[in-house]
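Enquirer: What follows is start03.txt, made up of compact mmCIF, C-alpha atoms and all ligand atoms:
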# COMPACT_ATOMS: atom_id res chain seq x y z
CA MET B 1256 59.00 -148.43 -22.58
CA SER B 1257 60.21 -150.51 -25.52
CA MET B 1258 60.37 -148.83 -28.91
CA GLY B 1259 57.64 -151.09 -30.23
CA LEU B 1260 55.00 -149.93 -27.72
CA ALA B 1261 52.78 -147.03 -28.71
CA PRO B 1262 52.09 -144.55 -25.88
CA VAL B 1263 48.64 -144.88 -24.31
CA SER B 1264 46.41 -142.34 -26.01
CA LYS B 1265 44.50 -140.07 -23.66
CA LYS B 1266 42.77 -138.28 -26.50
CA THR B 1267 39.00 -138.47 -26.72
CA ASP B 1268 36.54 -136.28 -28.60
CA TRP B 1269 33.51 -137.81 -26.97
CA ALA B 1270 31.47 -135.29 -25.00
CA TYR B 1271 29.20 -136.86 -22.40
CA GLU B 1272 25.65 -135.50 -22.26
CA PRO B 1273 23.42 -136.17 -19.24
CA SER B 1274 19.98 -137.69 -19.83
CA THR B 1275 17.44 -135.48 -21.58
CA THR B 1276 14.35 -137.64 -20.99
CA LEU B 1277 11.19 -135.97 -19.69
CA TYR B 1278 11.64 -137.83 -16.39
CA SER B 1279 15.18 -136.44 -16.00
CA ARG B 1280 14.04 -132.92 -16.82
CA VAL B 1281 11.20 -133.09 -14.27
CA CYS B 1282 13.62 -134.43 -11.62
CA ARG B 1283 16.01 -131.53 -12.32
CA ARG B 1284 13.24 -128.97 -11.88
CA LEU B 1285 12.18 -130.58 -8.57
CA THR B 1286 15.74 -130.91 -7.28
CA VAL B 1287 16.29 -127.14 -7.60
CA LYS B 1288 13.42 -126.62 -5.15
CA LEU B 1289 14.41 -129.35 -2.64
CA ALA B 1290 17.15 -129.84 0.00
CA GLN B 1291 17.96 -126.14 -0.01
CA HIS B 1292 20.39 -124.26 2.21
CA SER B 1293 18.95 -120.82 1.68
CA VAL B 1294 20.96 -117.72 2.53
CA LYS B 1295 19.91 -114.11 2.13
CA VAL B 1296 21.61 -112.03 -0.58
CA SER B 1297 21.85 -108.29 -0.07
CA PRO B 1298 20.61 -106.14 -2.97
CA GLU B 1299 22.91 -103.37 -1.65
CA ARG B 1300 25.85 -104.63 -3.67
CA ALA B 1301 26.52 -106.50 -6.89
CA ILE B 1302 28.94 -109.44 -6.74
CA VAL B 1303 30.21 -111.45 -9.72
CA SER B 1304 32.13 -114.74 -9.45
CA PHE B 1305 33.90 -116.40 -12.38
CA SER B 1306 34.32 -120.17 -12.35
CA PHE B 1307 36.25 -122.37 -14.78
CA ASP B 1308 35.34 -126.04 -14.82
CA ASP B 1309 37.61 -129.07 -15.39
CA CYS B 1310 39.67 -127.00 -16.74
CA PRO B 1311 41.20 -126.70 -20.24
CA LYS B 1312 44.54 -124.92 -20.46
CA SER B 1313 43.02 -122.33 -22.80
CA GLY B 1314 40.56 -121.40 -20.02
CA LEU B 1315 43.55 -120.59 -17.82
CA ASP B 1316 45.62 -118.84 -20.52
CA ASN B 1317 42.81 -116.72 -22.00
CA GLY B 1318 40.19 -116.63 -19.23
CA VAL B 1319 41.77 -116.70 -15.77
CA ALA B 1320 44.76 -114.67 -17.03
CA ALA B 1321 42.49 -111.93 -18.50
CA LEU B 1322 40.69 -111.63 -15.16
CA ASP B 1323 44.01 -111.71 -13.32
CA LYS B 1324 45.05 -108.57 -15.22
CA MET B 1325 42.06 -106.83 -13.65
CA GLY B 1326 43.17 -108.02 -10.20
CA TRP B 1327 40.18 -110.41 -10.13
CA GLN B 1328 40.46 -113.90 -8.68
CA SER B 1329 38.67 -116.93 -10.10
CA THR B 1330 37.39 -120.26 -8.87
CA ILE B 1331 38.73 -123.27 -10.76
CA TYR B 1332 36.80 -126.52 -10.29
CA VAL B 1333 39.49 -129.14 -10.68
CA ALA B 1334 38.99 -132.83 -11.48
CA CYS B 1335 42.48 -134.31 -11.04
CA GLY B 1336 41.59 -137.33 -13.19
CA LEU B 1337 41.41 -134.96 -16.17
CA PHE B 1338 44.97 -133.62 -15.77
CA ASN B 1339 46.78 -133.58 -19.17
CA VAL B 1340 43.86 -135.26 -20.95
CA GLU B 1341 43.03 -133.98 -24.43
CA ASN B 1342 39.34 -134.01 -25.29
CA HIS B 1343 36.64 -131.97 -27.04
CA LEU B 1344 37.61 -129.01 -24.81
CA GLY B 1345 41.25 -129.13 -25.95
CA LYS B 1346 44.28 -129.85 -23.81
CA MET B 1347 43.46 -129.92 -20.10
CA MET B 1348 45.41 -128.33 -17.25
CA SER B 1349 48.19 -130.11 -15.38
CA ALA B 1350 48.94 -130.70 -11.70
CA GLU B 1351 51.55 -127.93 -11.90
CA ASP B 1352 48.87 -125.55 -13.23
CA ALA B 1353 46.65 -126.32 -10.22
CA ARG B 1354 49.46 -125.55 -7.81
CA ALA B 1355 50.39 -122.33 -9.64
CA LEU B 1356 46.77 -121.16 -9.63
CA PHE B 1357 46.52 -121.75 -5.89
CA GLU B 1358 49.79 -119.92 -5.26
CA ALA B 1359 48.49 -116.98 -7.32
CA GLY B 1360 45.53 -116.70 -4.92
CA HIS B 1361 42.79 -118.38 -6.97
CA GLU B 1362 40.30 -120.74 -5.37
CA ILE B 1363 40.77 -124.42 -6.20
CA GLY B 1364 37.33 -125.98 -5.91
CA GLU B 1365 36.30 -129.65 -5.82
CA HIS B 1366 34.91 -131.24 -8.99
CA THR B 1367 35.41 -135.01 -8.23
CA PHE B 1368 38.38 -137.05 -9.49
CA SER B 1369 36.69 -138.91 -12.34
CA HIS B 1370 34.23 -136.23 -13.45
CA ARG B 1371 31.31 -138.62 -13.69
CA ASP B 1372 27.61 -137.82 -13.67
CA ALA B 1373 26.44 -138.18 -10.04
CA LYS B 1374 23.35 -139.99 -11.28
CA SER B 1375 25.45 -142.70 -12.94
CA MET B 1376 26.90 -143.93 -9.63
CA GLY B 1377 25.83 -144.45 -6.02
CA LEU B 1378 26.19 -141.69 -3.43
CA GLU B 1379 28.89 -143.57 -1.48
CA ASN B 1380 31.00 -144.07 -4.60
CA PHE B 1381 30.51 -140.43 -5.51
CA LYS B 1382 31.78 -139.39 -2.07
CA LEU B 1383 34.79 -141.71 -2.50
CA ASP B 1384 35.52 -140.02 -5.83
CA ILE B 1385 35.52 -136.65 -4.04
CA ALA B 1386 37.87 -138.02 -1.35
CA LYS B 1387 40.18 -139.31 -4.09
CA ASN B 1388 40.31 -135.85 -5.67
CA GLN B 1389 40.90 -134.14 -2.34
CA ASN B 1390 43.76 -136.59 -1.65
CA ALA B 1391 45.27 -135.83 -5.05
CA LEU B 1392 45.07 -132.09 -4.33
CA ALA B 1393 46.57 -132.61 -0.86
CA GLU B 1394 49.50 -134.44 -2.46
CA LEU B 1395 50.11 -131.27 -4.46
CA GLY B 1396 50.25 -129.35 -1.19
CA LEU B 1397 46.82 -127.74 -1.59
CA PRO B 1398 44.39 -127.26 1.31
CA PRO B 1399 40.92 -128.89 1.36
CA SER B 1400 38.49 -127.24 -1.08
CA ASP B 1401 35.82 -124.98 0.39
CA THR B 1402 33.34 -125.21 -2.48
CA PHE B 1403 32.20 -127.82 -4.97
CA ALA B 1404 30.72 -127.93 -8.48
CA TYR B 1405 28.55 -130.84 -9.65
CA PRO B 1406 29.98 -132.44 -12.83
CA TYR B 1407 27.53 -131.64 -15.67
CA GLY B 1408 25.47 -129.78 -13.06
CA GLU B 1409 23.78 -133.08 -12.20
CA THR B 1410 22.48 -133.53 -8.66
CA TYR B 1411 19.56 -134.80 -6.57
CA PRO B 1412 18.21 -133.93 -3.10
CA ALA B 1413 20.20 -136.52 -1.07
CA LEU B 1414 23.40 -135.44 -2.81
CA LYS B 1415 22.70 -131.76 -2.15
CA LYS B 1416 22.34 -132.57 1.56
CA ALA B 1417 25.50 -134.68 1.57
CA MET B 1418 27.48 -131.85 -0.04
CA GLN B 1419 26.17 -129.35 2.53
CA SER B 1420 28.01 -131.29 5.24
CA LYS B 1421 31.28 -131.17 3.24
CA PHE B 1422 31.37 -127.76 1.55
CA LYS B 1423 30.45 -124.12 2.16
CA GLY B 1424 28.64 -124.14 -1.15
CA SER B 1425 27.97 -126.26 -4.24
CA ARG B 1426 27.60 -124.72 -7.68
CA GLY B 1427 25.17 -126.06 -10.24
CA ILE B 1428 24.42 -124.92 -13.78
CA ASN B 1429 20.83 -123.79 -13.35
CA LYS B 1430 20.72 -120.36 -14.99
CA LYS B 1431 19.83 -118.20 -12.00
CA VAL B 1432 21.03 -114.82 -10.79
CA HIS B 1433 20.56 -114.46 -7.03
CA THR B 1434 18.91 -111.17 -6.21
CA ASN B 1435 17.46 -111.87 -2.76
CA HIS B 1436 18.47 -115.35 -1.69
CA VAL B 1437 20.66 -118.25 -2.82
CA ASP B 1438 20.48 -121.99 -2.26
CA LEU B 1439 24.10 -122.72 -1.27
CA ASN B 1440 23.48 -126.41 -2.05
CA GLN B 1441 22.86 -125.55 -5.72
CA ILE B 1442 24.22 -122.14 -6.56
CA GLY B 1443 22.88 -120.98 -9.93
CA SER B 1444 25.31 -120.08 -12.70
CA ILE B 1445 25.20 -118.39 -16.08
CA PRO B 1446 27.23 -119.98 -18.91
CA LEU B 1447 29.95 -117.93 -20.58
CA TYR B 1448 29.43 -119.63 -23.93
CA SER B 1449 29.98 -117.90 -27.26
CA ASN B 1450 26.54 -118.82 -28.58
CA THR B 1451 24.78 -117.14 -25.61
CA ILE B 1452 27.24 -114.37 -24.73
CA ASP B 1453 24.62 -111.64 -25.25
CA GLN B 1454 22.48 -113.19 -22.50
CA ALA B 1455 25.51 -113.19 -20.19
CA VAL B 1456 26.13 -109.49 -20.88
CA THR B 1457 22.46 -108.68 -20.24
CA ALA B 1458 22.59 -110.62 -16.95
CA VAL B 1459 25.52 -108.47 -15.74
CA GLN B 1460 23.80 -105.26 -16.85
CA ASN B 1461 20.67 -106.25 -14.91
CA LEU B 1462 22.77 -107.16 -11.86
CA GLY B 1463 24.14 -103.62 -11.86
CA LYS B 1464 20.56 -102.39 -11.40
CA THR B 1465 19.20 -104.98 -8.97
CA GLY B 1466 22.29 -105.90 -6.95
CA GLY B 1467 22.80 -109.51 -5.86
CA TRP B 1468 25.18 -112.33 -6.76
CA LEU B 1469 25.88 -113.72 -10.21
CA THR B 1470 28.24 -116.61 -10.91
CA PHE B 1471 29.56 -117.47 -14.36
CA PHE B 1472 31.00 -120.75 -15.56
CA THR B 1473 32.86 -121.76 -18.68
CA HIS B 1474 35.45 -124.26 -19.97
CA ASP B 1475 37.72 -123.56 -22.95
CA VAL B 1476 38.49 -119.98 -23.98
CA ARG B 1477 40.00 -119.92 -27.47
CA LYS B 1478 39.56 -118.67 -31.02
CA ASN B 1479 37.43 -121.64 -32.08
CA PRO B 1480 35.81 -122.73 -28.81
CA SER B 1481 33.74 -125.85 -28.21
CA SER B 1482 30.03 -125.34 -27.57
CA TYR B 1483 30.98 -125.32 -23.84
CA GLY B 1484 33.36 -122.39 -24.08
CA CYS B 1485 33.87 -118.91 -25.44
CA LYS B 1486 36.30 -116.74 -27.40
CA PRO B 1487 38.89 -114.38 -25.87
CA GLU B 1488 36.86 -111.42 -27.21
CA ASP B 1489 33.78 -112.73 -25.36
CA MET B 1490 35.81 -112.62 -22.12
CA ARG B 1491 36.82 -109.04 -22.90
CA GLN B 1492 33.17 -108.12 -23.50
CA ILE B 1493 32.13 -109.61 -20.15
CA ILE B 1494 34.99 -107.87 -18.32
CA GLU B 1495 33.82 -104.52 -19.73
CA ALA B 1496 30.23 -105.27 -18.73
CA VAL B 1497 31.27 -106.19 -15.16
CA LYS B 1498 33.30 -102.96 -14.90
CA ALA B 1499 30.38 -100.90 -16.22
CA ALA B 1500 28.00 -102.57 -13.74
CA GLY B 1501 30.31 -101.60 -10.87
CA ALA B 1502 30.22 -105.16 -9.50
CA ASP B 1503 32.75 -106.56 -7.02
CA VAL B 1504 34.48 -109.67 -8.35
CA MET B 1505 35.36 -112.42 -5.90
CA THR B 1506 35.80 -116.17 -5.78
CA ILE B 1507 32.76 -118.30 -4.98
CA ARG B 1508 34.25 -119.07 -1.55
CA ASP B 1509 34.79 -115.37 -0.77
CA ALA B 1510 31.35 -114.41 -2.10
CA ILE B 1511 29.75 -116.94 0.28
CA SER B 1512 31.72 -115.48 3.19
CA ALA B 1513 30.58 -111.99 2.16
CA LEU B 1514 26.94 -113.12 1.97
CA LYS B 1515 27.13 -114.76 5.36
CA GLY B 1516 28.29 -111.43 6.79
CA VAL B 1517 24.87 -110.04 5.86
CA ALA B 1518 22.44 -110.01 8.75
CA VAL B 1519 19.32 -112.02 7.88
ZN ZN E 1601 33.01 -130.25 -15.30
Show how you would write the structure in this file as structure tokens.
Ligand SMILES: [Zn+2]
Expert:
Amino acid sequence: MSMGLAPVSKKTDWAYEPSTTLYSRVCRRLTVKLAQHSVKVSPERAIVSFSFDDCPKSGLDNGVAALDKMGWQSTIYVACGLFNVENHLGKMMSAEDARALFEAGHEIGEHTFSHRDAKSMGLENFKLDIAKNQNALAELGLPPSDTFAYPYGETYPALKKAMQSKFKGSRGINKKVHTNHVDLNQIGSIPLYSNTIDQAVTAVQNLGKTGGWLTFFTHDVRKNPSSYGCKPEDMRQIIEAVKAAGADVMTIRDAISALKGVAV
């Protein structure tokens, strides 16, 4: 590069928000009920899964690492197109981070290459974007992903069905704890966000009483988090709550395998 050329800036502070129209909200409520792949969840045990989306480096350094110290493995939903980008979530993870996480035994889940809202593109293009991400992960020496997370949680019935043929499970962001069954095409998840951390703690405490499966998701974990992340002390609070609830912690992939071992 000549001295006169400025490097291409990858910095953006623009946070995309999916549509909030009444029509979109009604569609979301209907989608949760349609195209289900329902599996029984045993109330005999409590299982917690932690997932980190996109994922900012701070989520790895202060979230995954804190769980690692407990001997707990996480699921990281990786969008390779976001590698090294800096945005409203902070600095994002790198390709080397993805490989290191895999080698440390964490689950590397699929999150599309471009991280676009599924409703902003056709189903075929969305599937191509998934193939592109899987190719990028394969080039890093990683195996095909077993589970998927919808960018922004956005989905619709035909997409849920399409993902069922590709993945063992697909995680959404509908705030649901699974106490007797789960729709593996749209696994519910509770946000680990600083502004709602008390609700997350209460959800774990209740899980200790009812049994079932609870998944968490978050993004950045740092002192001054975005509204899509939490603070390191919030992570510590959740870890204590999970310990007190006596829950088993496993990746989303391993939780699905454990559920499928339950006789229906
Ligand atoms: Zn995401």
Enquirer: Where does chain B meet ligand ZN 1601 (chain E) within 9 Å, residue by residue, with the nearest atom pair and distance in Å to one decimal for each, counting only C-alpha atoms and all ligand atoms, listed by chain and rising number, as JSON lines?
Expert:
{"residue": "B:Phe1307", "atom": "CA", "partner": "E:ZN1601", "partner_atom": "ZN", "distance": 8.5}
{"residue": "B:Asp1308", "atom": "CA", "partner": "E:ZN1601", "partner_atom": "ZN", "distance": 4.8}
{"residue": "B:Asp1309", "atom": "CA", "partner": "E:ZN1601", "partner_atom": "ZN", "distance": 4.7}
{"residue": "B:Cys1310", "atom": "CA", "partner": "E:ZN1601", "partner_atom": "ZN", "distance": 7.5}
{"residue": "B:Tyr1332", "atom": "CA", "partner": "E:ZN1601", "partner_atom": "ZN", "distance": 7.3}
{"residue": "B:Val1333", "atom": "CA", "partner": "E:ZN1601", "partner_atom": "ZN", "distance": 8.0}
{"residue": "B:Ala1334", "atom": "CA", "partner": "E:ZN1601", "partner_atom": "ZN", "distance": 7.6}
{"residue": "B:His1366", "atom": "CA", "partner": "E:ZN1601", "partner_atom": "ZN", "distance": 6.7}
{"residue": "B:Thr1367", "atom": "CA", "partner": "E:ZN1601", "partner_atom": "ZN", "distance": 8.9}
{"residue": "B:His1370", "atom": "CA", "partner": "E:ZN1601", "partner_atom": "ZN", "distance": 6.4}
{"residue": "B:Arg1371", "atom": "CA", "partner": "E:ZN1601", "partner_atom": "ZN", "distance": 8.7}
{"residue": "B:Ala1404", "atom": "CA", "partner": "E:ZN1601", "partner_atom": "ZN", "distance": 7.6}
{"residue": "B:Tyr1405", "atom": "CA", "partner": "E:ZN1601", "partner_atom": "ZN", "distance": 7.2}
{"residue": "B:Pro1406", "atom": "CA", "partner": "E:ZN1601", "partner_atom": "ZN", "distance": 4.5}
{"residue": "B:Tyr1407", "atom": "CA", "partner": "E:ZN1601", "partner_atom": "ZN", "distance": 5.7}
{"residue": "B:Gly1408", "atom": "CA", "partner": "E:ZN1601", "partner_atom": "ZN", "distance": 7.9}
{"residue": "B:His1474", "atom": "CA", "partner": "E:ZN1601", "partner_atom": "ZN", "distance": 8.0}
Enquirer: So what do you get for CA of Leu1392 in chain B versus CA of Ala1350 in chain B, distance-wise?
Expert: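 Calculated distance between CA of Leu1392 in chain B and CA of Ala1350 in chain B is 8.4 Å.
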Enquirer: What lies within 10 Å of Glu1488 in chain B using only C-alpha atoms, ignoring chain neighbours under 5 positions off, as number ranges by chain?
Expert: B: 1317, 1449, 1476-1478, 1493-1494
Enquirer: What does the distance from CA of Ala1458 in chain B to CA of Arg1508 in chain B come to in Å, to one decimal?
Expert: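 Going from CA of Ala1458 in chain B over to CA of Arg1508 in chain B, I get 21.1 Å.
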Enquirer: What's the 12 Å shell around Lys1421 in chain B, counting all atoms listed in the file, without same-chain residues fewer than 4 positions away, as a list of chain:residue names?
Expert: B:Glu1365, B:Lys1382, B:Ile1385, B:Ala1386, B:Gln1389, B:Pro1399, B:Ser1400, B:Asp1401, B:Thr1402, B:Phe1403, B:Leu1414, B:Lys1415, B:Lys1416, B:Ala1417, B:Ser1425, B:Leu1439, B:Asn1440
Enquirer: Choose the residue, out of B:Asn1388, B:Met1325, B:Asp1489, B:Ala1373, that has the smallest atom-to-atom separation from Pro1412 in chain B; count all atoms listed in the file.
Expert: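 Looking only at the distances to Pro1412 in chain B, the closest residue turns out to be B:Ala1373.
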Enquirer: Measuring between all atoms listed in the file, which one of B:Asp1503, B:Glu1341, B:Glu1409, B:Glu1351 shows the shortest distance to Leu1462 in chain B?
Expert: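 Residue with the minimum atom-to-atom distance to Leu1462 in chain B: B:Asp1503.
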Enquirer: Can you tell me how far CA of Ser1306 in chain B sits from CA of Ser1274 in chain B, in Å to one decimal?
Expert: 23.8 Å
Enquirer: From the options B:Val1432, B:Ile1331, B:Ala1355, B:Val1437, which residue's atoms come nearest to Lys1288 in chain B, counting all atoms listed in the file?
Expert: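 Closest candidate: B:Val1437.
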Enquirer: Which residues are near Ala1502 in chain B? Cut-off 10 Å, only C-alpha atoms, ignore same chain within fewer than 2 positions. Put them as a VMD selection string.
Expert: chain B and resid 1300 to 1304 1459 to 1460 1462 to 1463 1466 to 1469 1496 to 1500 1504 to 1505
Enquirer: From the list B:Tyr1411, B:Pro1298, B:Val1340, B:Asp1453, which residue is nearest Arg1280 in chain B when using only C-alpha atoms?
Expert: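 So, comparing all the options, the nearest one is B:Tyr1411.
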Enquirer: Would you please work out which residue, of B:Ser1482, B:Lys1324, B:Val1294, B:Gly1427, is nearest to Ala1513 in chain B when using only C-alpha atoms?
Expert: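 Result for the nearest residue to Ala1513 in chain B: B:Val1294.
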Enquirer: Under the rule that all atoms listed in the file are counted, which of B:Pro1311, B:Gly1318, B:Gly1326, B:Pro1398 is the nearest residue to Met1490 in chain B?
Expert: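 Ranking B:Pro1311, B:Gly1318, B:Gly1326, B:Pro1398 by distance to Met1490 in chain B, first place goes to B:Gly1318.
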Enquirer: Find the spatial neighbours of Asn1339 in chain B, counting only C-alpha atoms, within a cut-off of 7 Å - ignore same-chain residues fewer than 6 positions away - and output them as a list in words.
Expert: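 Final neighbour list, sorted by chain and number: Lys1346, Met1347, Met1348 and Ser1349 of chain B.
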Enquirer: Mind listing whatever residues come within 12 Å of the point (20.9, -118.6, -5.2)? Use all atoms listed in the file, file coordinates, and give them as a PyMOL selection string.
Expert: chain B and resi 1287-1288+1291-1297+1424-1445+1467-1470+1507+1510-1511+1514
Enquirer: Add whatever atoms are absent from range 1434-1467 of chain B to reach N, CA and C atoms, and provide the output as a PDB file, keeping the file's coordinate frame.
Expert:
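part_25.pdb, freshly written:
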ATOM      1  N   THR B1434      19.148-112.567  -6.571  1.00  0.00           N
ATOM      2  CA  THR B1434      18.910-111.170  -6.210  1.00  0.00           C
ATOM      3  C   THR B1434      18.404-110.992  -4.788  1.00  0.00           C
ATOM      4  N   ASN B1435      17.815-112.020  -4.182  1.00  0.00           N
ATOM      5  CA  ASN B1435      17.460-111.870  -2.760  1.00  0.00           C
ATOM      6  C   ASN B1435      17.796-113.065  -1.890  1.00  0.00           C
ATOM      7  N   HIS B1436      17.948-114.231  -2.472  1.00  0.00           N
ATOM      8  CA  HIS B1436      18.470-115.350  -1.690  1.00  0.00           C
ATOM      9  C   HIS B1436      19.157-116.343  -2.625  1.00  0.00           C
ATOM     10  N   VAL B1437      19.968-117.216  -2.020  1.00  0.00           N
ATOM     11  CA  VAL B1437      20.660-118.250  -2.820  1.00  0.00           C
ATOM     12  C   VAL B1437      20.570-119.572  -2.069  1.00  0.00           C
ATOM     13  N   ASP B1438      20.389-120.639  -2.817  1.00  0.00           N
ATOM     14  CA  ASP B1438      20.480-121.990  -2.260  1.00  0.00           C
ATOM     15  C   ASP B1438      21.955-122.404  -2.368  1.00  0.00           C
ATOM     16  N   LEU B1439      22.662-122.399  -1.235  1.00  0.00           N
ATOM     17  CA  LEU B1439      24.100-122.720  -1.270  1.00  0.00           C
ATOM     18  C   LEU B1439      24.360-124.178  -1.643  1.00  0.00           C
ATOM     19  N   ASN B1440      23.313-125.011  -1.626  1.00  0.00           N
ATOM     20  CA  ASN B1440      23.480-126.410  -2.050  1.00  0.00           C
ATOM     21  C   ASN B1440      23.360-126.580  -3.567  1.00  0.00           C
ATOM     22  N   GLN B1441      22.950-125.503  -4.253  1.00  0.00           N
ATOM     23  CA  GLN B1441      22.860-125.550  -5.720  1.00  0.00           C
ATOM     24  C   GLN B1441      22.872-124.111  -6.231  1.00  0.00           C
ATOM     25  N   ILE B1442      24.049-123.542  -6.169  1.00  0.00           N
ATOM     26  CA  ILE B1442      24.220-122.140  -6.560  1.00  0.00           C
ATOM     27  C   ILE B1442      24.007-122.046  -8.081  1.00  0.00           C
ATOM     28  N   GLY B1443      23.152-121.139  -8.501  1.00  0.00           N
ATOM     29  CA  GLY B1443      22.880-120.980  -9.930  1.00  0.00           C
ATOM     30  C   GLY B1443      24.099-120.406 -10.650  1.00  0.00           C
ATOM     31  N   SER B1444      24.156-120.592 -11.955  1.00  0.00           N
ATOM     32  CA  SER B1444      25.310-120.080 -12.700  1.00  0.00           C
ATOM     33  C   SER B1444      24.932-119.837 -14.152  1.00  0.00           C
ATOM     34  N   ILE B1445      25.492-118.783 -14.699  1.00  0.00           N
ATOM     35  CA  ILE B1445      25.200-118.390 -16.080  1.00  0.00           C
ATOM     36  C   ILE B1445      26.377-118.832 -16.957  1.00  0.00           C
ATOM     37  N   PRO B1446      26.105-119.551 -18.061  1.00  0.00           N
ATOM     38  CA  PRO B1446      27.230-119.980 -18.910  1.00  0.00           C
ATOM     39  C   PRO B1446      27.884-118.825 -19.653  1.00  0.00           C
ATOM     40  N   LEU B1447      29.205-118.854 -19.701  1.00  0.00           N
ATOM     41  CA  LEU B1447      29.950-117.930 -20.580  1.00  0.00           C
ATOM     42  C   LEU B1447      30.279-118.724 -21.826  1.00  0.00           C
ATOM     43  N   TYR B1448      29.278-118.880 -22.675  1.00  0.00           N
ATOM     44  CA  TYR B1448      29.430-119.630 -23.930  1.00  0.00           C
ATOM     45  C   TYR B1448      29.262-118.642 -25.082  1.00  0.00           C
ATOM     46  N   SER B1449      30.036-118.836 -26.130  1.00  0.00           N
ATOM     47  CA  SER B1449      29.980-117.900 -27.260  1.00  0.00           C
ATOM     48  C   SER B1449      28.589-117.761 -27.839  1.00  0.00           C
ATOM     49  N   ASN B1450      27.847-118.892 -27.909  1.00  0.00           N
ATOM     50  CA  ASN B1450      26.540-118.820 -28.580  1.00  0.00           C
ATOM     51  C   ASN B1450      25.469-118.137 -27.727  1.00  0.00           C
ATOM     52  N   THR B1451      25.767-117.830 -26.455  1.00  0.00           N
ATOM     53  CA  THR B1451      24.780-117.140 -25.610  1.00  0.00           C
ATOM     54  C   THR B1451      25.423-115.953 -24.881  1.00  0.00           C
ATOM     55  N   ILE B1452      26.488-115.402 -25.453  1.00  0.00           N
ATOM     56  CA  ILE B1452      27.240-114.370 -24.730  1.00  0.00           C
ATOM     57  C   ILE B1452      26.395-113.109 -24.503  1.00  0.00           C
ATOM     58  N   ASP B1453      25.470-112.822 -25.433  1.00  0.00           N
ATOM     59  CA  ASP B1453      24.620-111.640 -25.250  1.00  0.00           C
ATOM     60  C   ASP B1453      23.767-111.764 -23.999  1.00  0.00           C
ATOM     61  N   GLN B1454      23.288-112.979 -23.723  1.00  0.00           N
ATOM     62  CA  GLN B1454      22.480-113.190 -22.500  1.00  0.00           C
ATOM     63  C   GLN B1454      23.336-112.983 -21.255  1.00  0.00           C
ATOM     64  N   ALA B1455      24.599-113.377 -21.330  1.00  0.00           N
ATOM     65  CA  ALA B1455      25.510-113.190 -20.190  1.00  0.00           C
ATOM     66  C   ALA B1455      25.742-111.704 -19.936  1.00  0.00           C
ATOM     67  N   VAL B1456      25.925-110.939 -21.014  1.00  0.00           N
ATOM     68  CA  VAL B1456      26.130-109.490 -20.880  1.00  0.00           C
ATOM     69  C   VAL B1456      24.886-108.847 -20.271  1.00  0.00           C
ATOM     70  N   THR B1457      23.712-109.233 -20.776  1.00  0.00           N
ATOM     71  CA  THR B1457      22.460-108.680 -20.240  1.00  0.00           C
ATOM     72  C   THR B1457      22.307-109.006 -18.754  1.00  0.00           C
ATOM     73  N   ALA B1458      22.695-110.219 -18.359  1.00  0.00           N
ATOM     74  CA  ALA B1458      22.590-110.620 -16.950  1.00  0.00           C
ATOM     75  C   ALA B1458      23.442-109.702 -16.066  1.00  0.00           C
ATOM     76  N   VAL B1459      24.646-109.371 -16.531  1.00  0.00           N
ATOM     77  CA  VAL B1459      25.520-108.470 -15.740  1.00  0.00           C
ATOM     78  C   VAL B1459      24.915-107.067 -15.691  1.00  0.00           C
ATOM     79  N   GLN B1460      24.401-106.598 -16.825  1.00  0.00           N
ATOM     80  CA  GLN B1460      23.800-105.260 -16.850  1.00  0.00           C
ATOM     81  C   GLN B1460      22.635-105.183 -15.860  1.00  0.00           C
ATOM     82  N   ASN B1461      21.807-106.222 -15.843  1.00  0.00           N
ATOM     83  CA  ASN B1461      20.670-106.250 -14.910  1.00  0.00           C
ATOM     84  C   ASN B1461      21.150-106.295 -13.462  1.00  0.00           C
ATOM     85  N   LEU B1462      22.232-107.061 -13.219  1.00  0.00           N
ATOM     86  CA  LEU B1462      22.770-107.160 -11.860  1.00  0.00           C
ATOM     87  C   LEU B1462      23.196-105.791 -11.338  1.00  0.00           C
ATOM     88  N   GLY B1463      23.745-104.971 -12.249  1.00  0.00           N
ATOM     89  CA  GLY B1463      24.140-103.620 -11.860  1.00  0.00           C
ATOM     90  C   GLY B1463      22.966-102.811 -11.336  1.00  0.00           C
ATOM     91  N   LYS B1464      21.773-103.127 -11.826  1.00  0.00           N
ATOM     92  CA  LYS B1464      20.560-102.390 -11.400  1.00  0.00           C
ATOM     93  C   LYS B1464      19.939-102.997 -10.154  1.00  0.00           C
ATOM     94  N   THR B1465      19.909-104.333 -10.083  1.00  0.00           N
ATOM     95  CA  THR B1465      19.200-104.980  -8.970  1.00  0.00           C
ATOM     96  C   THR B1465      20.082-105.264  -7.772  1.00  0.00           C
ATOM     97  N   GLY B1466      21.409-105.379  -7.987  1.00  0.00           N
ATOM     98  CA  GLY B1466      22.290-105.900  -6.950  1.00  0.00           C
ATOM     99  C   GLY B1466      22.082-107.405  -6.840  1.00  0.00           C
ATOM    100  N   GLY B1467      22.919-108.062  -6.033  1.00  0.00           N
ATOM    101  CA  GLY B1467      22.800-109.510  -5.860  1.00  0.00           C
ATOM    102  C   GLY B1467      24.092-110.209  -6.243  1.00  0.00           C
TER     103      GLY B1467
END
